[in-house]
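This is input.cif (mmCIF, C-alpha atoms).
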data_coords
loop_
_atom_site.label_atom_id
_atom_site.label_comp_id
_atom_site.auth_asym_id
_atom_site.auth_seq_id
_atom_site.Cartn_x
_atom_site.Cartn_y
_atom_site.Cartn_z
CA MET A 1 9.54 -22.15 -15.50
CA ALA A 2 11.22 -18.99 -14.34
CA THR A 3 14.33 -18.24 -12.35
CA TRP A 4 13.78 -16.39 -9.09
CA ARG A 5 14.94 -13.21 -10.88
CA GLU A 6 12.40 -13.65 -13.68
CA PHE A 7 9.66 -14.29 -11.14
CA ALA A 8 10.71 -11.19 -9.14
CA GLU A 9 10.70 -9.05 -12.26
CA ALA A 10 7.23 -10.28 -13.21
CA SER A 11 5.76 -10.01 -9.70
CA PRO A 12 7.99 -7.82 -7.50
CA GLU A 13 5.58 -7.47 -4.57
CA LEU A 14 4.88 -11.19 -4.36
CA ALA A 15 8.58 -12.07 -4.71
CA ALA A 16 9.53 -9.58 -1.97
CA PHE A 17 6.96 -11.17 0.35
CA GLY A 18 8.33 -14.61 -0.54
CA ALA A 19 11.91 -13.54 0.12
CA GLU A 20 10.84 -12.25 3.53
CA ARG A 21 9.08 -15.53 4.37
CA PHE A 22 12.03 -17.62 3.09
CA ASP A 23 14.68 -15.64 4.97
CA SER A 24 17.35 -17.53 6.87
CA THR A 25 15.62 -17.22 10.24
CA HIS A 26 12.64 -19.28 9.07
CA VAL A 27 12.54 -22.95 8.22
CA ALA A 28 10.59 -23.81 5.08
CA TYR A 29 9.09 -27.13 4.10
CA LEU A 30 10.04 -28.86 0.86
CA ALA A 31 7.72 -31.44 -0.63
CA THR A 32 9.15 -33.99 -3.03
CA GLU A 33 7.92 -37.21 -4.57
CA ARG A 34 9.40 -40.51 -3.43
CA LYS A 35 10.28 -43.24 -5.92
CA ASP A 36 7.03 -45.06 -5.10
CA GLY A 37 5.00 -41.90 -5.83
CA TRP A 38 4.19 -41.00 -2.22
CA PRO A 39 4.91 -37.45 -1.04
CA ARG A 40 7.77 -36.64 1.30
CA VAL A 41 8.23 -33.41 3.33
CA HIS A 42 11.55 -32.00 4.52
CA PRO A 43 12.55 -28.95 6.58
CA VAL A 44 15.00 -26.83 4.57
CA SER A 45 16.76 -23.46 4.58
CA PRO A 46 16.15 -21.76 1.22
CA ILE A 47 18.78 -19.34 -0.04
CA ILE A 48 17.99 -16.40 -2.30
CA GLY A 49 20.94 -14.67 -3.96
CA GLN A 50 21.59 -12.72 -7.13
CA GLY A 51 18.30 -13.72 -8.72
CA HIS A 52 18.51 -17.42 -7.82
CA LEU A 53 16.74 -19.66 -5.30
CA PHE A 54 18.94 -22.44 -3.92
CA LEU A 55 18.97 -25.41 -1.57
CA PHE A 56 22.12 -27.10 -0.27
CA MET A 57 21.86 -30.64 1.08
CA GLU A 58 23.79 -33.74 1.98
CA PRO A 59 24.52 -35.87 -1.09
CA THR A 60 22.84 -38.86 0.60
CA SER A 61 19.64 -36.97 1.45
CA PRO A 62 16.40 -38.63 0.36
CA LYS A 63 15.15 -35.23 -0.83
CA GLY A 64 18.15 -34.95 -3.13
CA HIS A 65 17.44 -38.37 -4.62
CA ASP A 66 13.83 -37.34 -5.17
CA LEU A 67 14.88 -34.12 -6.91
CA LEU A 68 17.49 -35.85 -9.07
CA ARG A 69 14.91 -38.38 -10.20
CA GLY A 70 12.07 -36.05 -11.16
CA GLY A 71 12.85 -32.53 -10.07
CA ARG A 72 9.32 -31.51 -9.15
CA TYR A 73 8.92 -29.81 -5.81
CA ALA A 74 6.69 -27.57 -3.72
CA LEU A 75 8.13 -25.25 -1.07
CA HIS A 76 6.07 -23.68 1.73
CA SER A 77 7.17 -21.09 4.26
CA SER A 78 6.72 -21.62 7.95
CA VAL A 79 4.11 -19.53 9.75
CA SER A 80 4.72 -17.58 12.92
CA ASP A 81 1.83 -19.10 14.88
CA SER A 82 -1.46 -20.95 14.51
CA SER A 83 -3.24 -17.76 13.43
CA GLY A 84 -1.01 -17.39 10.38
CA ALA A 85 -0.62 -13.69 11.19
CA SER A 86 2.75 -13.45 9.41
CA GLY A 87 1.24 -14.83 6.23
CA GLU A 88 2.11 -17.85 4.11
CA PHE A 89 4.07 -18.21 0.91
CA SER A 90 4.43 -21.24 -1.33
CA ILE A 91 5.95 -21.97 -4.70
CA SER A 92 6.28 -24.96 -6.97
CA GLY A 93 8.50 -25.76 -9.90
CA LYS A 94 11.49 -27.86 -10.85
CA ALA A 95 14.82 -28.30 -9.10
CA VAL A 96 17.98 -28.53 -11.17
CA LEU A 97 21.32 -29.82 -9.90
CA ALA A 98 23.73 -26.87 -9.96
CA ASP A 99 27.32 -28.01 -10.40
CA ASP A 100 28.78 -24.84 -11.93
CA PRO A 101 31.44 -23.45 -9.52
CA ALA A 102 30.36 -19.85 -10.24
CA ILE A 103 26.75 -20.64 -9.29
CA ARG A 104 27.91 -22.49 -6.18
CA ALA A 105 29.95 -19.43 -5.17
CA ILE A 106 26.81 -17.25 -5.44
CA ALA A 107 24.83 -19.69 -3.28
CA THR A 108 27.63 -20.02 -0.73
CA GLU A 109 27.98 -16.26 -0.38
CA ALA A 110 24.21 -15.78 0.01
CA ALA A 111 23.83 -18.57 2.60
CA SER A 112 23.40 -17.69 6.27
CA TYR A 113 25.67 -20.61 7.16
CA THR A 114 28.81 -22.16 5.71
CA PRO A 115 27.82 -25.02 3.40
CA GLU A 116 30.05 -28.07 3.63
CA ASP A 117 32.10 -28.88 0.53
CA ARG A 118 30.35 -32.25 0.27
CA TYR A 119 26.88 -30.68 0.00
CA ILE A 120 25.15 -30.78 -3.34
CA LEU A 121 23.33 -27.73 -4.62
CA PHE A 122 20.01 -27.36 -6.40
CA GLU A 123 18.59 -24.28 -8.04
CA LEU A 124 14.81 -24.08 -7.83
CA THR A 125 12.82 -22.67 -10.73
CA VAL A 126 9.43 -21.13 -10.13
CA GLU A 127 6.35 -22.28 -12.01
CA SER A 128 3.77 -20.87 -9.62
CA ALA A 129 3.67 -18.82 -6.43
CA LEU A 130 0.96 -18.09 -3.89
CA SER A 131 0.81 -15.84 -0.85
CA THR A 132 -1.89 -15.71 1.78
CA VAL A 133 -2.22 -12.95 4.35
CA TYR A 134 -5.14 -12.34 6.67
CA GLU A 135 -6.97 -9.02 6.74
CA ASP A 136 -9.75 -8.73 9.32
CA GLY A 137 -9.62 -12.51 9.67
CA ARG A 138 -10.17 -13.11 5.94
CA PRO A 139 -7.58 -14.70 3.69
CA VAL A 140 -6.27 -12.48 0.89
CA ARG A 141 -4.40 -14.41 -1.77
CA LYS A 142 -2.06 -13.32 -4.52
CA ARG A 143 -0.97 -15.71 -7.24
CA TRP A 144 1.63 -15.79 -9.91
CA PRO A 145 1.21 -16.36 -12.80
CA GLY A 146 -2.27 -15.29 -11.80
CA ARG A 147 -4.26 -18.41 -12.61
CA ASP A 148 -6.58 -20.31 -10.32
CA ALA A 149 -4.97 -23.20 -8.43
#

Take the structure in the file and give it back as structure tokens.
Amino acid sequence: MATWREFAEASPELAAFGAERFDSTHVAYLATERKDGWPRVHPVSPIIGQGHLFLFMEPTSPKGHDLLRGGRYALHSSVSDSSGASGEFSISGKAVLADDPAIRAIATEAASYTPEDRYILFELTVESALSTVYEDGRPVRKRWPGRDA
């Protein structure tokens, strides 16, 4: 697992595309695993700051309970329209509860909104990343760490 910084250092072009797709004007979709093993999907606002990828959430959020229990997640960017012209970006990895005040300050400063004091914070590590853009109607994919899915 890599931090966002480590991922960006290893694959700068892919990370830059991901940061663009995860910017604060786009909703992303977080997939977690419920206690009974079924998947759950949540709209979220990812935050990238100082080499970290964060999510704030209500402490009672089902997605938070899922992440505290197992930590595994997948995160997919929204697309601009049904053609996917803006491209897609997805990552997967583990989420870790971040309770260090210095880390919270980084996330709060990088956020496009003011997180409530009651919100809990997770840092997302990156195990794999995938982008898809369409050139002449054909999908062009880039992967990190470069293995087949």

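Atom pair CA of Ser11 in chain A / CA of Glu127 in chain A: separated by 12.5 Å.
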
**Request:** Run the PyMOL selection byres ((chain A and resi 91-107) around 9) on the file and write out the hits as number ranges by chain.
**Result:** A: 1-2, 18, 47-50, 52-56, 67-68, 70-76, 89-90, 108-111, 120-131

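Pairwise distance (CA of Glu9 in chain A, CA of Gly51 in chain A) equals 9.6 Å.
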
**Asked** Of the candidates A:Asp23, A:Ser45, A:Gly37, A:Glu88, which shows the shortest atom-to-atom distance to Arg69 in chain A, using only C-alpha atoms?
**Response** A:Gly37

**Nearest-residue call for Pro139 in chain A, choices A:Pro59, A:Ala28, A:Ser83, A:Glu6, using only C-alpha atoms** = A:Ser83

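Near (-1.0, -13.6, 1.1), the residues that fall inside 6 Å on the basis of only C-alpha atoms are Gly87, Ser131, Thr132, Val133, Val140, Arg141 and Lys142 of chain A.
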
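The space between CA of Thr60 in chain A and CA of Thr3 in chain A spans 25.8 Å.
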
Please give the centre and size of the box around range 125-131 of chain A (axis-aligned, containing every atom listed in the file, 4 Å added per side), with values in Å to one decimal and written as AutoDock Vina command-line options.
--center_x 6.8 --center_y -19.3 --center_z -6.4 --size_x 20.0 --size_y 14.8 --size_z 19.2

**Message:** Need to verify the contact set: Val44 in chain A, 7 Å, all atoms listed in the file, exclusion of same-chain residues closer than 2 positions in sequence. Can you return it as a ChimeraX atom specification?
**Reply:** /A:27-30,42,46
